[in-house]
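To start, the structure under review is shown below, and the notes come after it.
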2 protein chains.
Amino acid sequence: MTIQAAAELDSATAGTAEHAHTTAWIATVLRGRIAAGELTPGSKLSEQALSTALGVSRNTLREAFSTLAGESMVTRIPNRGVFVASPGVEEVREIYRVRRMIEPAAALWGEVTPEVLDTMEAIVQRAQAARDAGAVAAMADANQALHSAVVGLTGSESLRTLMDRVLAEMRLVFHAMASAPDFHSHYVDRNVQLVERLRAGHREEAASGLRAYLDSAEAELLGRLADETG
Amino acid sequence: MTIQAAAELDSATAGTAEHAHTTAWIATVLRGRIAAGELTPGSKLSEQALSTALGVSRNTLREAFSTLAGESMVTRIPNRGVFVASPGVEEVREIYRVRRMIEPAAALWGEVTPEVLDTMEAIVQRAQAARDAGAVAAMADANQALHSAVVGLTGSESLRTLMDRVLAEMRLVFHAMASAPDFHSHYVDRNVQLVERLRAGHREEAASGLRAYLDSAEAELLGRLADETG
DNA sequence: AACCCCAAATTGTTGAACAATCCGATGAAC
DNA sequence: GTTCATCGGATTGTTCAACAATTTGGGGTT
């Protein structure tokens, strides 16, 4: 039945071109399932099982794997197979190394337009509403959207892509944690402050505040990870 | 004869594992040929020609293409084929958008150790020697090495990878230009100054100097590109 | 010169096959 | 009972041959 669903989605997507898109489509499907948590970190993606389930040949599935491995959504171990990426302590450190560079840089040197500020404010309000409603997932989404928008200030497609990859990895970290943690609630106010500073034109304060925020967020996340492992 | 060279290099590389490495190897070979300028920007990479020349099947070659496309070393046009990336004005702008964020950020917030400063000084001296000897290619290499080292201050593997990708794209820009330009000679002194500032601990001066350098370098490069096109 | 149509070449994808490697179970030895 | 080696079965890595879909280039017509 998964085959039927696949074929269905295929024909639905195929508005324009038919030939030459199945690899990208497979990658999209898998990316979505991983992001949604259906494919949990560490689980193996069997070539035979997936190829028959998605109704594609092993070769094209492999090409999709190449794409996803390039995005570090999956890990390829030679002769062993591909697995959903399962970020650990070192990966979290790397995530925050990246964020601690490009987010403050964007705040300092990015182009802050009124429109972007408006969208950022809308996102922050969404986050506040989610917090008041106790909607953890929505809060996490809003938080990620805000920080993605911050990097968007750079106007750079590559940096945005990198940031989105990093945020996707963050999502994997949360998926790997046993307890669904209310991680973001006490950071919402910081985000409010960030947007205020950007609107006021206080770039350096915004940047240093971001760095402080990232430092404490990393520390807290690493602490929770250590709790799980120990 | 290319087949022989391929087989040769294959057996040379295969020190440890035999099975399961040809895709990565093909990608490495193509990456090298593109970087060396043997495969000029815009030229088409025919599947049949390359697969027979390298002695691999079309399928594995395609997987290697996926990898290279992910690195934006090649451009894939559906049903048309893959071509060596040929960066234009917009790509150059994007390159400098990225560099203008992560290089000053690295200078400001990276971890500057004495060892890194020593290697940077060695690179700068290499650049000076190359300038005095009139070795354009060596100068370009040293320049790229220095800026790669600057990003290395972040300690982040991802940022380093991104920077190296960007620098590889820069190389493609130069390869695409008809005249081999003495582009870097008058930037050597700026690099000397940069390292001095870093050693003196004057981070903010280093960062602002970097930004100014990147601005003028971008302007000059765009100017030369416009000359070519016009 | 502009347009349409067709054949050749190329890409996208499939399926089956085989080699190499890894995994787990079975059994032997201590 | 535990450890170790061995041997099949399953899975991955790679190749090959084929076919469908698409682009490309060249006539031929108007």
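We label chains A, B, ... in the order they appear in the structure tokens, count residues from 1 in each chain, and number ligands from 1 in the order shown.
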**Message:** Set the cut-off to 8 Å and count only C-alpha atoms (C1' of nucleotides): what are the residues of chain C that reach chain A? Output as a ChimeraX atom specification.
**Reply:** /C:12-15,21-22
**Request:** Within 12 Å of DA29 in chain C, counting only C-alpha atoms (C1' of nucleotides), which residues show up once you throw out same-chain ones fewer than 4 positions away? Write them as a list of chain:residue names, please.
**Result:** D:DT2, D:DT3, D:DC4, D:DA5
**Message:** Give me, as a PyMOL selection string, all polymer residues having an atom no more than 12 Å from Ser43 in chain B, counting only C-alpha atoms (C1' of nucleotides) and skipping those fewer than 5 positions away in the same chain.
**Reply:** chain B and resi 34+37-38+74-76+81-86+176
**Request:** Find the spatial neighbours of DC7 in chain D, counting only C-alpha atoms (C1' of nucleotides), within a cut-off of 12 Å - ignore same-chain residues fewer than 4 positions away - and output them as a PyMOL selection string.
**Result:** chain C and resi 23-27
**Request:** Tell me the residues of chain D close to chain A, meaning within 8 Å using only C-alpha atoms (C1' of nucleotides), as a ChimeraX atom specification.
**Result:** /D:11-13,21-22
Select from chain A every residue with an atom at most 8 Å from any atom of chain B, then for each give the shortest pair of atoms and their distance in Å to one decimal, using only C-alpha atoms, rows by chain and rising number, as JSON lines.
```
{"residue": "A:Ala20", "atom": "CA", "partner": "B:Pro78", "partner_atom": "CA", "distance": 6.2}
{"residue": "A:Asn59", "atom": "CA", "partner": "B:Asn59", "partner_atom": "CA", "distance": 7.2}
{"residue": "A:Arg62", "atom": "CA", "partner": "B:Glu63", "partner_atom": "CA", "distance": 7.6}
{"residue": "A:Glu63", "atom": "CA", "partner": "B:Glu63", "partner_atom": "CA", "distance": 5.5}
{"residue": "A:Ser66", "atom": "CA", "partner": "B:Thr67", "partner_atom": "CA", "distance": 6.4}
{"residue": "A:Thr67", "atom": "CA", "partner": "B:Ser66", "partner_atom": "CA", "distance": 6.4}
{"residue": "A:Gly70", "atom": "CA", "partner": "B:Gly70", "partner_atom": "CA", "distance": 6.5}
{"residue": "A:Pro78", "atom": "CA", "partner": "B:Ala20", "partner_atom": "CA", "distance": 6.2}
{"residue": "A:Asn79", "atom": "CA", "partner": "B:Ala20", "partner_atom": "CA", "distance": 6.8}
{"residue": "A:Glu94", "atom": "CA", "partner": "B:Ser156", "partner_atom": "CA", "distance": 6.1}
{"residue": "A:Arg97", "atom": "CA", "partner": "B:Ser156", "partner_atom": "CA", "distance": 5.9}
{"residue": "A:Val98", "atom": "CA", "partner": "B:Ser156", "partner_atom": "CA", "distance": 6.4}
{"residue": "A:Met101", "atom": "CA", "partner": "B:Ala105", "partner_atom": "CA", "distance": 5.8}
{"residue": "A:Ile102", "atom": "CA", "partner": "B:Ile102", "partner_atom": "CA", "distance": 6.5}
{"residue": "A:Ala105", "atom": "CA", "partner": "B:Met101", "partner_atom": "CA", "distance": 5.8}
{"residue": "A:Ala106", "atom": "CA", "partner": "B:Met101", "partner_atom": "CA", "distance": 7.0}
{"residue": "A:Trp109", "atom": "CA", "partner": "B:Met101", "partner_atom": "CA", "distance": 7.4}
{"residue": "A:Thr154", "atom": "CA", "partner": "B:Arg97", "partner_atom": "CA", "distance": 7.1}
{"residue": "A:Gly155", "atom": "CA", "partner": "B:Arg97", "partner_atom": "CA", "distance": 7.3}
{"residue": "A:Ser156", "atom": "CA", "partner": "B:Arg97", "partner_atom": "CA", "distance": 5.9}
{"residue": "A:Glu157", "atom": "CA", "partner": "B:Glu94", "partner_atom": "CA", "distance": 7.4}
{"residue": "A:Ser158", "atom": "CA", "partner": "B:Val98", "partner_atom": "CA", "distance": 7.2}
{"residue": "A:Leu159", "atom": "CA", "partner": "B:Val98", "partner_atom": "CA", "distance": 6.7}
```
Can those selected residues be exported to a file as an mmCIF file, in the first residue's frame so that it contains C-alpha atoms?
```cif
data_model
loop_
_atom_site.group_PDB
_atom_site.id
_atom_site.type_symbol
_atom_site.label_atom_id
_atom_site.label_comp_id
_atom_site.auth_asym_id
_atom_site.auth_seq_id
_atom_site.Cartn_x
_atom_site.Cartn_y
_atom_site.Cartn_z
ATOM 1 C CA ALA A 20 13.636 12.880 -14.746
ATOM 2 C CA ASN A 59 19.808 2.314 -8.413
ATOM 3 C CA ARG A 62 20.931 4.894 -4.184
ATOM 4 C CA GLU A 63 21.189 8.200 -6.004
ATOM 5 C CA SER A 66 23.807 10.170 -2.180
ATOM 6 C CA THR A 67 21.851 13.400 -2.031
ATOM 7 C CA GLY A 70 25.459 15.107 1.186
ATOM 8 C CA PRO A 78 30.400 1.273 3.513
ATOM 9 C CA ASN A 79 29.138 -2.250 3.052
ATOM 10 C CA GLU A 94 29.518 21.435 15.758
ATOM 11 C CA ARG A 97 29.970 26.275 16.425
ATOM 12 C CA VAL A 98 28.252 27.057 13.145
ATOM 13 C CA MET A 101 29.339 32.292 13.851
ATOM 14 C CA ILE A 102 26.681 32.885 11.247
ATOM 15 C CA ALA A 105 27.306 37.764 11.863
ATOM 16 C CA ALA A 106 23.911 38.046 10.219
ATOM 17 C CA TRP A 109 26.201 42.785 9.096
ATOM 18 C CA THR A 154 22.595 37.785 5.026
ATOM 19 C CA GLY A 155 20.786 37.478 1.706
ATOM 20 C CA SER A 156 22.891 34.422 1.029
ATOM 21 C CA GLU A 157 21.295 31.293 -0.311
ATOM 22 C CA SER A 158 24.231 29.108 0.721
ATOM 23 C CA LEU A 159 24.179 30.288 4.318
#
```
**Asked** Running DSSP on the backbone, which parts of range 64-204 of chain B land in strand (DSSP E), as a list in words?
**Response**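 Of range 64-204 of chain B, the ones in strand (DSSP E) are Val74, Thr75, Arg76, Ile77, Gly81, Val82, Phe83 and Val84 of chain B.
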**Request:** Please run DSSP on the backbone and report, as a PyMOL selection string, all residues within chain B that come out as helix (DSSP H, G or I).
**Result:** chain B and resi 2-13+22-36+47-54+58-70+89-109+114-133+136-152+157-176+185-200+203-229
**Request:** Find the spatial neighbours of Glu121 in chain A, counting only C-alpha atoms (C1' of nucleotides), within a cut-off of 12 Å - ignore same-chain residues fewer than 4 positions away - and output them as a PyMOL selection string.
**Result:** chain A and resi 114-117+125-128+142-143+145-146+149-150+188+191-199
Can I get the selected residues back with N, CA and C atoms, as a compact mmCIF listing (two decimals), in the first residue's frame?
```
# COMPACT_ATOMS: atom_id res chain seq x y z
N PRO A 114 12.47 46.58 6.82
CA PRO A 114 11.22 46.59 7.60
C PRO A 114 10.38 45.34 7.37
N GLU A 115 10.37 44.86 6.13
CA GLU A 115 9.55 43.68 5.84
C GLU A 115 10.04 42.48 6.64
N VAL A 116 11.35 42.28 6.65
CA VAL A 116 11.90 41.15 7.38
C VAL A 116 11.59 41.28 8.87
N LEU A 117 11.70 42.50 9.37
CA LEU A 117 11.39 42.71 10.78
C LEU A 117 9.93 42.35 11.07
N GLN A 125 5.50 36.33 17.69
CA GLN A 125 4.16 36.27 18.27
C GLN A 125 3.59 34.87 18.19
N ARG A 126 3.89 34.19 17.07
CA ARG A 126 3.46 32.78 16.94
C ARG A 126 4.08 31.96 18.06
N ALA A 127 5.34 32.22 18.32
CA ALA A 127 6.03 31.48 19.39
C ALA A 127 5.39 31.76 20.74
N GLN A 128 5.08 33.03 21.00
CA GLN A 128 4.45 33.37 22.27
C GLN A 128 3.10 32.67 22.42
N ALA A 142 8.46 27.57 15.51
CA ALA A 142 8.57 29.03 15.45
C ALA A 142 10.00 29.46 15.78
N ASN A 143 10.58 28.81 16.77
CA ASN A 143 11.95 29.16 17.14
C ASN A 143 12.90 28.96 15.97
N ALA A 145 12.12 28.81 12.85
CA ALA A 145 11.81 29.76 11.77
C ALA A 145 12.45 31.10 12.05
N LEU A 146 12.44 31.53 13.30
CA LEU A 146 13.04 32.82 13.63
C LEU A 146 14.53 32.82 13.32
N ALA A 149 15.25 32.92 9.80
CA ALA A 149 15.04 34.27 9.26
C ALA A 149 16.22 35.17 9.58
N VAL A 150 16.80 34.98 10.76
CA VAL A 150 17.98 35.77 11.13
C VAL A 150 19.08 35.55 10.10
N VAL A 188 11.88 32.12 24.57
CA VAL A 188 10.99 32.96 23.75
C VAL A 188 11.24 34.44 24.03
N ASN A 191 14.11 35.84 22.26
CA ASN A 191 13.83 36.11 20.86
C ASN A 191 13.11 37.44 20.69
N VAL A 192 12.17 37.70 21.61
CA VAL A 192 11.49 38.99 21.57
C VAL A 192 12.52 40.12 21.66
N GLN A 193 13.38 39.98 22.63
CA GLN A 193 14.42 41.00 22.82
C GLN A 193 15.28 41.15 21.58
N LEU A 194 15.61 40.03 20.95
CA LEU A 194 16.45 40.08 19.75
C LEU A 194 15.80 40.93 18.66
N VAL A 195 14.53 40.65 18.41
CA VAL A 195 13.84 41.40 17.36
C VAL A 195 13.75 42.87 17.73
N GLU A 196 13.50 43.16 19.00
CA GLU A 196 13.45 44.56 19.43
C GLU A 196 14.78 45.27 19.15
N ARG A 197 15.85 44.58 19.51
CA ARG A 197 17.17 45.20 19.29
C ARG A 197 17.42 45.43 17.80
N LEU A 198 17.02 44.47 16.99
CA LEU A 198 17.23 44.64 15.55
C LEU A 198 16.42 45.83 15.04
N ARG A 199 15.19 45.95 15.51
CA ARG A 199 14.37 47.06 15.04
C ARG A 199 14.94 48.40 15.50
```
Skip Ser148 in chain A itself and residues of its chain fewer than 6 positions away, then list as a compact mmCIF listing (two decimals) with C-alpha atoms, in the first residue's frame all residues within 8 Å of it, counting only C-alpha atoms (C1' of nucleotides).
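Everything below was put into part_1.txt:
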```txt
# COMPACT_ATOMS: atom_id res chain seq x y z
CA ARG A 160 20.43 29.79 4.47
CA MET A 163 21.45 26.92 8.51
CA ASP A 164 18.45 24.87 7.46
```
**Asked** Which residues come within 12 Å of DT24 in chain D, counting only C-alpha atoms (C1' of nucleotides), excluding same-chain residues fewer than 3 positions away, as a list in words?
**Response** Asn79 and Arg80 of chain B; DC6, DA7, DA8, DA9 and DT10 of chain C
Would you save the residues from that selection as an mmCIF file, in the first residue's frame, using N, CA and C atoms (P, O5', C5', C4', C3', O3' and C1' of nucleotides)?
```
data_model
loop_
_atom_site.group_PDB
_atom_site.id
_atom_site.type_symbol
_atom_site.label_atom_id
_atom_site.label_comp_id
_atom_site.auth_asym_id
_atom_site.auth_seq_id
_atom_site.Cartn_x
_atom_site.Cartn_y
_atom_site.Cartn_z
ATOM 1 N N ASN B 79 17.532 16.002 -18.287
ATOM 2 C CA ASN B 79 17.428 15.532 -19.673
ATOM 3 C C ASN B 79 18.449 16.168 -20.602
ATOM 4 N N ARG B 80 19.311 17.001 -20.041
ATOM 5 C CA ARG B 80 20.310 17.647 -20.881
ATOM 6 C C ARG B 80 21.712 17.160 -20.538
ATOM 7 P P DC C 6 6.460 13.064 -38.582
ATOM 8 O "O5'" DC C 6 7.890 12.400 -38.739
ATOM 9 C "C5'" DC C 6 8.607 12.571 -39.964
ATOM 10 C "C4'" DC C 6 10.089 12.335 -39.726
ATOM 11 C "C3'" DC C 6 10.392 11.126 -38.824
ATOM 12 O "O3'" DC C 6 11.417 10.347 -39.422
ATOM 13 C "C1'" DC C 6 11.502 13.037 -38.001
ATOM 14 P P DA C 7 11.513 8.798 -39.078
ATOM 15 O "O5'" DA C 7 13.063 8.631 -38.754
ATOM 16 C "C5'" DA C 7 14.022 9.053 -39.735
ATOM 17 C "C4'" DA C 7 15.341 9.393 -39.063
ATOM 18 C "C3'" DA C 7 15.917 8.280 -38.188
ATOM 19 O "O3'" DA C 7 17.329 8.247 -38.360
ATOM 20 C "C1'" DA C 7 15.600 10.214 -36.870
ATOM 21 P P DA C 8 18.155 6.968 -37.892
ATOM 22 O "O5'" DA C 8 19.243 7.615 -36.922
ATOM 23 C "C5'" DA C 8 19.944 8.790 -37.338
ATOM 24 C "C4'" DA C 8 20.581 9.481 -36.146
ATOM 25 C "C3'" DA C 8 21.262 8.534 -35.150
ATOM 26 O "O3'" DA C 8 22.544 9.029 -34.818
ATOM 27 C "C1'" DA C 8 19.688 9.891 -34.013
ATOM 28 P P DA C 9 23.539 8.144 -33.918
ATOM 29 O "O5'" DA C 9 23.596 9.027 -32.591
ATOM 30 C "C5'" DA C 9 23.731 10.459 -32.699
ATOM 31 C "C4'" DA C 9 23.475 11.105 -31.360
ATOM 32 C "C3'" DA C 9 24.145 10.402 -30.173
ATOM 33 O "O3'" DA C 9 24.750 11.371 -29.339
ATOM 34 C "C1'" DA C 9 21.830 10.628 -29.772
ATOM 35 P P DT C 10 25.652 10.853 -28.088
ATOM 36 O "O5'" DT C 10 24.729 11.211 -26.842
ATOM 37 C "C5'" DT C 10 24.167 12.518 -26.752
ATOM 38 C "C4'" DT C 10 23.233 12.594 -25.559
ATOM 39 C "C3'" DT C 10 23.737 11.844 -24.310
ATOM 40 O "O3'" DT C 10 23.745 12.724 -23.207
ATOM 41 C "C1'" DT C 10 21.490 11.254 -24.811
#
```
